[in-house]
$ cat final_23.pdb   # PDB, C-alpha atoms and all ligand atoms
ATOM      1  CA  MET A   7     -20.957  23.440  32.591
ATOM      2  CA  GLY A   8     -19.454  21.121  35.208
ATOM      3  CA  LEU A   9     -19.988  21.275  38.944
ATOM      4  CA  ILE A  10     -17.376  22.700  41.318
ATOM      5  CA  ASP A  11     -16.432  21.036  44.609
ATOM      6  CA  THR A  12     -16.160  24.170  46.757
ATOM      7  CA  HIS A  13     -14.502  22.560  49.761
ATOM      8  CA  CYS A  14     -12.181  19.588  49.503
ATOM      9  CA  HIS A  15      -8.873  18.657  51.085
ATOM     10  CA  LEU A  16      -7.026  17.228  48.095
ATOM     11  CA  THR A  17      -3.656  17.595  49.808
ATOM     12  CA  PHE A  18      -4.560  15.290  52.704
ATOM     13  CA  ASP A  19      -2.767  11.937  52.655
ATOM     14  CA  ASP A  20      -5.822   9.857  51.715
ATOM     15  CA  LEU A  21      -6.136  11.702  48.391
ATOM     16  CA  SER A  22      -2.814  13.358  47.544
ATOM     17  CA  GLY A  23      -0.956  10.144  46.706
ATOM     18  CA  ASP A  24      -3.306   9.339  43.862
ATOM     19  CA  ILE A  25      -4.347  12.832  42.841
ATOM     20  CA  ASP A  26      -4.340  12.287  39.059
ATOM     21  CA  ALA A  27      -6.791   9.394  39.360
ATOM     22  CA  VAL A  28      -8.931  11.345  41.852
ATOM     23  CA  ILE A  29      -9.171  14.233  39.392
ATOM     24  CA  GLU A  30      -9.886  11.906  36.467
ATOM     25  CA  ARG A  31     -12.768  10.203  38.303
ATOM     26  CA  SER A  32     -14.116  13.591  39.334
ATOM     27  CA  ILE A  33     -14.168  14.890  35.760
ATOM     28  CA  ALA A  34     -15.820  11.663  34.578
ATOM     29  CA  ALA A  35     -18.571  12.229  37.179
ATOM     30  CA  GLY A  36     -19.150  15.831  36.031
ATOM     31  CA  VAL A  37     -17.297  17.631  38.819
ATOM     32  CA  THR A  38     -14.733  19.657  36.904
ATOM     33  CA  GLY A  39     -13.505  22.349  39.300
ATOM     34  CA  TRP A  40     -12.133  22.209  42.853
ATOM     35  CA  ILE A  41     -11.320  24.534  45.722
ATOM     36  CA  THR A  42      -8.768  22.725  47.892
ATOM     37  CA  ILE A  43      -8.614  23.955  51.466
ATOM     38  CA  GLY A  44      -5.448  24.279  53.533
ATOM     39  CA  THR A  45      -5.718  23.919  57.305
ATOM     40  CA  ASP A  46      -2.190  24.531  58.633
ATOM     41  CA  PRO A  47       1.005  26.140  57.272
ATOM     42  CA  GLN A  48       2.221  22.934  55.617
ATOM     43  CA  GLN A  49      -1.156  22.087  54.055
ATOM     44  CA  ASN A  50      -1.596  25.676  52.893
ATOM     45  CA  GLN A  51       1.719  25.502  51.042
ATOM     46  CA  LYS A  52       0.740  22.161  49.478
ATOM     47  CA  ALA A  53      -2.689  23.491  48.483
ATOM     48  CA  VAL A  54      -1.162  26.425  46.636
ATOM     49  CA  GLU A  55       1.396  24.183  44.900
ATOM     50  CA  LEU A  56      -1.352  21.812  43.776
ATOM     51  CA  ALA A  57      -3.451  24.701  42.483
ATOM     52  CA  GLU A  58      -0.486  25.931  40.504
ATOM     53  CA  ARG A  59      -0.182  22.545  38.785
ATOM     54  CA  TYR A  60      -3.837  22.126  37.692
ATOM     55  CA  GLU A  61      -5.783  24.746  35.804
ATOM     56  CA  ASN A  62      -9.137  24.140  37.516
ATOM     57  CA  ILE A  63      -7.871  23.614  41.041
ATOM     58  CA  TYR A  64      -7.930  26.711  43.235
ATOM     59  CA  ALA A  65      -6.806  27.084  46.835
ATOM     60  CA  ALA A  66      -8.092  28.584  50.065
ATOM     61  CA  VAL A  67      -5.686  29.059  52.959
ATOM     62  CA  ALA A  68      -6.125  29.364  56.724
ATOM     63  CA  ILE A  69      -5.274  27.862  60.065
ATOM     64  CA  HIS A  70      -8.171  25.643  61.147
ATOM     65  CA  PRO A  71      -9.938  26.702  64.372
ATOM     66  CA  HIS A  72      -8.766  23.390  65.881
ATOM     67  CA  ASP A  73      -5.188  24.697  65.657
ATOM     68  CA  ALA A  74      -5.877  28.245  66.827
ATOM     69  CA  LYS A  75      -3.653  27.701  69.870
ATOM     70  CA  THR A  76      -0.600  27.326  67.586
ATOM     71  CA  VAL A  77      -1.066  30.650  65.774
ATOM     72  CA  THR A  78       1.522  33.385  66.342
ATOM     73  CA  ALA A  79       2.061  36.754  64.655
ATOM     74  CA  ASP A  80       4.531  35.020  62.310
ATOM     75  CA  THR A  81       1.911  32.443  61.316
ATOM     76  CA  ILE A  82      -0.473  35.223  60.363
ATOM     77  CA  ASN A  83       2.174  37.129  58.398
ATOM     78  CA  GLU A  84       3.129  34.014  56.450
ATOM     79  CA  LEU A  85      -0.495  33.225  55.768
ATOM     80  CA  LYS A  86      -1.107  36.704  54.445
ATOM     81  CA  LYS A  87       1.879  36.426  52.124
ATOM     82  CA  LEU A  88       0.757  33.074  50.752
ATOM     83  CA  ALA A  89      -2.813  34.311  50.299
ATOM     84  CA  GLN A  90      -1.545  36.757  47.685
ATOM     85  CA  ASN A  91      -0.798  33.930  45.266
ATOM     86  CA  GLU A  92      -3.065  34.293  42.247
ATOM     87  CA  LYS A  93      -4.563  30.805  42.636
ATOM     88  CA  VAL A  94      -5.727  31.582  46.195
ATOM     89  CA  VAL A  95      -9.413  32.486  45.905
ATOM     90  CA  ALA A  96     -10.484  32.638  49.565
ATOM     91  CA  ILE A  97      -9.427  32.716  53.212
ATOM     92  CA  GLY A  98     -10.650  29.627  55.052
ATOM     93  CA  GLU A  99     -11.607  27.532  56.659
ATOM     94  CA  THR A 100     -11.766  29.761  59.701
ATOM     95  CA  GLY A 101     -14.348  30.234  62.433
ATOM     96  CA  LEU A 102     -15.272  28.577  65.708
ATOM     97  CA  ASP A 103     -15.551  24.922  66.693
ATOM     98  CA  TYR A 104     -17.129  24.617  70.130
ATOM     99  CA  HIS A 105     -17.899  20.933  69.567
ATOM    100  CA  TYR A 106     -14.336  19.630  69.780
ATOM    101  CA  ASN A 107     -12.745  22.612  71.545
ATOM    102  CA  HIS A 108      -9.259  21.498  70.441
ATOM    103  CA  SER A 109      -8.183  25.087  71.112
ATOM    104  CA  LEU A 110      -9.407  27.436  73.821
ATOM    105  CA  ARG A 111     -12.381  29.522  72.754
ATOM    106  CA  VAL A 112     -10.510  32.738  73.442
ATOM    107  CA  ASP A 113      -7.758  31.625  71.005
ATOM    108  CA  GLN A 114     -10.319  30.573  68.399
ATOM    109  CA  ARG A 115     -12.007  33.989  68.558
ATOM    110  CA  ARG A 116      -8.691  35.821  68.255
ATOM    111  CA  VAL A 117      -7.535  33.777  65.267
ATOM    112  CA  PHE A 118     -10.929  34.028  63.556
ATOM    113  CA  ALA A 119     -10.748  37.830  63.808
ATOM    114  CA  GLN A 120      -7.167  37.798  62.454
ATOM    115  CA  HIS A 121      -8.314  35.767  59.449
ATOM    116  CA  LEU A 122     -11.160  38.183  58.778
ATOM    117  CA  GLU A 123      -8.653  41.029  58.806
ATOM    118  CA  ILE A 124      -6.563  39.306  56.130
ATOM    119  CA  ALA A 125      -9.659  38.682  54.010
ATOM    120  CA  ILE A 126     -10.664  42.331  54.288
ATOM    121  CA  ASP A 127      -7.146  43.567  53.456
ATOM    122  CA  LEU A 128      -6.854  41.291  50.405
ATOM    123  CA  ASN A 129     -10.498  41.619  49.375
ATOM    124  CA  LEU A 130     -11.038  37.844  49.442
ATOM    125  CA  PRO A 131     -14.131  35.797  50.351
ATOM    126  CA  VAL A 132     -14.186  33.884  53.655
ATOM    127  CA  LEU A 133     -15.064  30.216  54.244
ATOM    128  CA  ILE A 134     -16.554  29.698  57.692
ATOM    129  CA  HIS A 135     -16.275  26.539  59.769
ATOM    130  CA  CYS A 136     -18.870  26.776  62.545
ATOM    131  CA  ARG A 137     -19.786  24.025  64.993
ATOM    132  CA  GLU A 138     -22.024  24.645  67.975
ATOM    133  CA  ALA A 139     -21.028  28.309  67.884
ATOM    134  CA  PHE A 140     -23.640  29.870  65.618
ATOM    135  CA  ASP A 141     -24.526  32.983  67.633
ATOM    136  CA  GLU A 142     -20.942  33.895  68.398
ATOM    137  CA  THR A 143     -19.852  33.314  64.801
ATOM    138  CA  MET A 144     -22.583  35.659  63.577
ATOM    139  CA  GLN A 145     -21.604  38.196  66.238
ATOM    140  CA  ILE A 146     -17.963  38.254  65.116
ATOM    141  CA  LEU A 147     -19.014  38.565  61.472
ATOM    142  CA  ASP A 148     -21.421  41.380  62.391
ATOM    143  CA  ASP A 149     -18.520  43.242  63.987
ATOM    144  CA  CYS A 150     -16.925  43.591  60.559
ATOM    145  CA  ALA A 151     -20.200  43.769  58.617
ATOM    146  CA  GLY A 152     -19.838  45.235  55.199
ATOM    147  CA  SER A 153     -16.054  44.942  55.211
ATOM    148  CA  VAL A 154     -15.814  41.242  54.360
ATOM    149  CA  LYS A 155     -16.357  40.721  50.669
ATOM    150  CA  LYS A 156     -18.299  37.454  50.693
ATOM    151  CA  VAL A 157     -19.010  34.852  53.343
ATOM    152  CA  VAL A 158     -20.030  31.195  53.062
ATOM    153  CA  LEU A 159     -20.903  28.862  55.918
ATOM    154  CA  HIS A 160     -19.346  25.574  54.880
ATOM    155  CA  CYS A 161     -20.754  22.141  55.812
ATOM    156  CA  PHE A 162     -23.913  23.834  57.034
ATOM    157  CA  SER A 163     -25.505  21.920  59.890
ATOM    158  CA  GLY A 164     -27.845  24.562  61.272
ATOM    159  CA  SER A 165     -31.624  24.816  61.196
ATOM    160  CA  ALA A 166     -33.848  26.453  58.569
ATOM    161  CA  GLU A 167     -34.248  29.403  60.961
ATOM    162  CA  GLN A 168     -30.482  29.799  61.191
ATOM    163  CA  ALA A 169     -30.188  29.495  57.402
ATOM    164  CA  LYS A 170     -32.621  32.386  57.059
ATOM    165  CA  ILE A 171     -30.506  34.501  59.425
ATOM    166  CA  VAL A 172     -27.434  33.728  57.310
ATOM    167  CA  LEU A 173     -29.251  34.588  54.077
ATOM    168  CA  ASP A 174     -30.604  37.832  55.546
ATOM    169  CA  LYS A 175     -27.024  38.909  56.179
ATOM    170  CA  GLY A 176     -26.244  38.360  52.499
ATOM    171  CA  PHE A 177     -24.082  35.292  53.164
ATOM    172  CA  TYR A 178     -23.938  31.984  51.273
ATOM    173  CA  ILE A 179     -24.513  28.421  52.481
ATOM    174  CA  SER A 180     -22.671  25.275  51.387
ATOM    175  CA  PHE A 181     -23.883  21.708  51.875
ATOM    176  CA  THR A 182     -21.896  18.477  52.117
ATOM    177  CA  GLY A 183     -23.096  14.898  51.676
ATOM    178  CA  VAL A 184     -24.472  15.121  55.222
ATOM    179  CA  VAL A 185     -27.707  16.393  53.657
ATOM    180  CA  THR A 186     -28.188  12.907  52.134
ATOM    181  CA  PHE A 187     -27.901  11.114  55.481
ATOM    182  CA  LYS A 188     -30.990   9.419  56.937
ATOM    183  CA  ASN A 189     -30.826  11.368  60.203
ATOM    184  CA  ALA A 190     -30.223  14.776  58.570
ATOM    185  CA  GLU A 191     -33.813  15.999  58.503
ATOM    186  CA  LYS A 192     -32.830  19.364  60.039
ATOM    187  CA  THR A 193     -30.194  19.955  57.341
ATOM    188  CA  ARG A 194     -32.727  19.083  54.629
ATOM    189  CA  ARG A 195     -35.195  21.649  56.032
ATOM    190  CA  ALA A 196     -32.361  24.197  55.898
ATOM    191  CA  ALA A 197     -31.468  23.286  52.293
ATOM    192  CA  GLU A 198     -35.072  23.840  51.259
ATOM    193  CA  VAL A 199     -34.923  27.526  52.186
ATOM    194  CA  VAL A 200     -31.620  28.317  50.433
ATOM    195  CA  PRO A 201     -32.138  29.556  46.867
ATOM    196  CA  PRO A 202     -29.704  28.313  44.187
ATOM    197  CA  ASP A 203     -28.154  31.745  43.835
ATOM    198  CA  ARG A 204     -26.913  31.489  47.448
ATOM    199  CA  LEU A 205     -26.193  27.756  47.592
ATOM    200  CA  MET A 206     -22.948  25.876  47.008
ATOM    201  CA  ILE A 207     -21.992  22.208  47.214
ATOM    202  CA  GLU A 208     -18.881  20.520  48.596
ATOM    203  CA  THR A 209     -17.526  17.135  49.584
ATOM    204  CA  ASP A 210     -15.269  18.167  52.510
ATOM    205  CA  CYS A 211     -13.422  15.045  51.348
ATOM    206  CA  PRO A 212     -11.691  12.846  52.419
ATOM    207  CA  TYR A 213     -14.437  12.914  55.074
ATOM    208  CA  MET A 214     -18.104  11.959  54.932
ATOM    209  CA  SER A 215     -19.081  10.191  51.704
ATOM    210  CA  PRO A 216     -22.692  10.940  50.687
ATOM    211  CA  GLU A 217     -25.441   8.332  50.364
ATOM    212  CA  PRO A 218     -25.619   5.916  48.590
ATOM    213  CA  MET A 219     -21.800   5.718  48.834
ATOM    214  CA  ARG A 220     -21.592   6.363  52.571
ATOM    215  CA  LYS A 221     -19.705   3.117  53.098
ATOM    216  CA  GLN A 222     -16.854   4.347  50.857
ATOM    217  CA  LYS A 223     -14.340   5.237  53.546
ATOM    218  CA  ILE A 224     -12.433   7.866  51.634
ATOM    219  CA  ASN A 225     -14.722  10.477  50.131
ATOM    220  CA  GLU A 226     -13.579  12.206  46.935
ATOM    221  CA  PRO A 227     -14.885  14.922  44.574
ATOM    222  CA  ALA A 228     -16.461  12.409  42.134
ATOM    223  CA  LEU A 229     -18.990  11.497  44.832
ATOM    224  CA  MET A 230     -20.288  15.073  45.014
ATOM    225  CA  ILE A 231     -22.542  14.238  42.082
ATOM    226  CA  HIS A 232     -24.760  12.271  44.493
ATOM    227  CA  THR A 233     -25.151  15.275  46.795
ATOM    228  CA  ALA A 234     -25.891  17.552  43.827
ATOM    229  CA  ARG A 235     -28.572  15.196  42.468
ATOM    230  CA  TYR A 236     -30.072  14.797  45.919
ATOM    231  CA  LEU A 237     -30.288  18.562  46.441
ATOM    232  CA  ALA A 238     -31.867  19.127  43.007
ATOM    233  CA  GLU A 239     -34.537  16.554  43.834
ATOM    234  CA  LEU A 240     -35.109  18.019  47.293
ATOM    235  CA  LYS A 241     -35.633  21.419  45.719
ATOM    236  CA  ARG A 242     -37.801  19.921  42.950
ATOM    237  CA  MET A 243     -35.576  21.373  40.269
ATOM    238  CA  ASP A 244     -34.431  19.928  36.979
ATOM    239  CA  PHE A 245     -30.911  18.648  37.629
ATOM    240  CA  ALA A 246     -29.208  20.385  34.692
ATOM    241  CA  ASP A 247     -30.874  23.675  35.564
ATOM    242  CA  PHE A 248     -29.932  23.329  39.254
ATOM    243  CA  ALA A 249     -26.323  22.404  38.445
ATOM    244  CA  GLN A 250     -25.961  25.304  36.046
ATOM    245  CA  LYS A 251     -27.328  27.781  38.608
ATOM    246  CA  VAL A 252     -25.162  26.480  41.469
ATOM    247  CA  THR A 253     -22.030  26.580  39.318
ATOM    248  CA  ALA A 254     -22.830  30.150  38.309
ATOM    249  CA  THR A 255     -23.230  31.022  42.018
ATOM    250  CA  THR A 256     -19.885  29.382  42.805
ATOM    251  CA  LYS A 257     -18.085  31.219  40.014
ATOM    252  CA  THR A 258     -19.477  34.541  41.171
ATOM    253  CA  PHE A 259     -18.616  33.853  44.804
ATOM    254  CA  PHE A 260     -15.003  32.832  44.170
ATOM    255  CA  HIS A 261     -14.597  35.130  41.192
ATOM    256  CA  LEU A 262     -13.590  32.214  38.919
ATOM    257  CA  PRO A 263     -13.175  32.552  35.146
TER     258      PRO A 263
HETATM  259 ZN    ZN B 301     -14.824  22.511  58.365
HETATM  260 ZN    ZN B 302     -12.835  21.151  55.660
END

$ encode --input "final_23.pdb" --output "C-alpha cells" --more "lines below"
Ligand SMILES: [Zn+2]
Ligand SMILES: [Zn+2]
Amino acid sequence: MGLIDTHCHLTFDDLSGDIDAVIERSIAAGVTGWITIGTDPQQNQKAVELAERYENIYAAVAIHPHDAKTVTADTINELKKLAQNEKVVAIGETGLDYHYNHSLRVDQRRVFAQHLEIAIDLNLPVLIHCREAFDETMQILDDCAGSVKKVVLHCFSGSAEQAKIVLDKGFYISFTGVVTFKNAEKTRRAAEVVPPDRLMIETDCPYMSPEPMRKQKINEPALMIHTARYLAELKRMDFADFAQKVTATTKTFFHLP
C-alpha cells in the first residue's frame, strides 16, 4: 500500500506546469495518493479539475485564512456548491493565522466558522491551518463539538502538551517535513505522542522540502518519503508497518476507497 500526501498544492504554479512528471516521481518514491488543497476560488476550481483528471488525486476546498478579508456571502455559496463535487473529500485549509495576520482576526474567525458550517452541512472532514492561535482555534472547534465529522491539524507545529489536547478531543494531527529540521525539537516531541491511528503525513508542497532535501527549492510529493521514514524511525517502528498504519488512518479519515 502506497503512502498518501494529505496536504499538497499541486495546482500552484511551481508544480502545475509539470504535473505528469511530478506525479510520476511521486509514484516511483512510493507516494501514490494525493489530497490537493485549494486556497482561493480560482485554486479551488483548479484543484477539483485536477482531481477529476487523476484517479488518485482528491481535492479539498476553502478560502485560506490569509484571504479571509475577501470572503463574501457569494464566496461561501460558491464554495459550498463546489464542495459537493464527488472528488472533494474535505473542507480546508481553514482556521486562524495570527502569525502573518494578512486578514483581520475578526474576519478570520468569521470565515473559519462559515467553513465549519459547510463541513457540518456536507458531512465532510475539516483541515485546520493554525498558527499562533492554538487556544482560539480549539475554542471555535469546541463551539461546534460533535457536529464536525473529523478534524485534522495540518502542518502541526505545537508542543507535545498541545498534541495531547488535540488527541483528547478526538482530532488528528498531520506532520510536514518540518519535523525533520534540525531546530524542530518541539515538533519531534509532539510527533512522539501521536499514535499512528491518529497521525497523517503531508508535504504542504511546493513549500518546505524535508531533510536531507531541504535545499531543493520546490518541494513535491515524492519527497514525502523522507518525512515518512524519519517519523517511523522517531517512533521506533518498522517502516512498512508504520506506512501501512498511517495510510489506513488517512483512508479512514478522508473516506477514500
Ligand atoms: Zn497551512
Ligand atoms: Zn497548505

$ resolve_selection --input "final_23.pdb" --expression "the PyMOL selection byres (((not hetatm)) within 7 of (chain B and resi 302))" --output "PyMOL selection string"
chain A and resi 13-15+43+99+210

$ closest_residue --input "final_23.pdb" --among "A:Val117, A:Ala196, A:Ala169, A:Cys161" --to "Ile146 (chain A)" --atoms "only C-alpha atoms"
A:Val117

$ residues_near_ligand --input "final_23.pdb" --ligand "ligand ZN 301 (chain B)" --cutoff "12 Å" --atoms "all atoms listed in the file" --output "CSV table (one decimal) with C-alpha atoms, in the coordinates of the input"
chain,number,residue,atom,x,y,z
A,12,THR,CA,-16.2,24.2,46.8
A,13,HIS,CA,-14.5,22.6,49.8
A,14,CYS,CA,-12.2,19.6,49.5
A,15,HIS,CA,-8.9,18.7,51.1
A,43,ILE,CA,-8.6,24.0,51.5
A,44,GLY,CA,-5.4,24.3,53.5
A,45,THR,CA,-5.7,23.9,57.3
A,68,ALA,CA,-6.1,29.4,56.7
A,69,ILE,CA,-5.3,27.9,60.1
A,70,HIS,CA,-8.2,25.6,61.1
A,71,PRO,CA,-9.9,26.7,64.4
A,72,HIS,CA,-8.8,23.4,65.9
A,98,GLY,CA,-10.6,29.6,55.1
A,99,GLU,CA,-11.6,27.5,56.7
A,100,THR,CA,-11.8,29.8,59.7
A,101,GLY,CA,-14.3,30.2,62.4
A,102,LEU,CA,-15.3,28.6,65.7
A,103,ASP,CA,-15.6,24.9,66.7
A,105,HIS,CA,-17.9,20.9,69.6
A,106,TYR,CA,-14.3,19.6,69.8
A,133,LEU,CA,-15.1,30.2,54.2
A,134,ILE,CA,-16.6,29.7,57.7
A,135,HIS,CA,-16.3,26.5,59.8
A,136,CYS,CA,-18.9,26.8,62.5
A,137,ARG,CA,-19.8,24.0,65.0
A,158,VAL,CA,-20.0,31.2,53.1
A,159,LEU,CA,-20.9,28.9,55.9
A,160,HIS,CA,-19.3,25.6,54.9
A,161,CYS,CA,-20.8,22.1,55.8
A,162,PHE,CA,-23.9,23.8,57.0
A,163,SER,CA,-25.5,21.9,59.9
A,180,SER,CA,-22.7,25.3,51.4
A,181,PHE,CA,-23.9,21.7,51.9
A,182,THR,CA,-21.9,18.5,52.1
A,208,GLU,CA,-18.9,20.5,48.6
A,209,THR,CA,-17.5,17.1,49.6
A,210,ASP,CA,-15.3,18.2,52.5
A,211,CYS,CA,-13.4,15.0,51.3
A,212,PRO,CA,-11.7,12.8,52.4
A,213,TYR,CA,-14.4,12.9,55.1
A,214,MET,CA,-18.1,12.0,54.9

$ resolve_selection --input "final_23.pdb" --expression "the PyMOL selection byres (((chain A and resi 252) around 9) and not hetatm)" --output "number ranges by chain"
A: 9-10, 202-207, 247-251, 253-257

$ resolve_selection --input "final_23.pdb" --expression "the PyMOL selection byres (((chain A and resi 131) around 8) and not hetatm)" --output "list of chain:residue names"
A:Val95, A:Ala96, A:Ile97, A:Ala125, A:Asn129, A:Leu130, A:Val132, A:Leu133, A:Val154, A:Lys155, A:Lys156, A:Val157, A:Val158, A:Phe259, A:Phe260
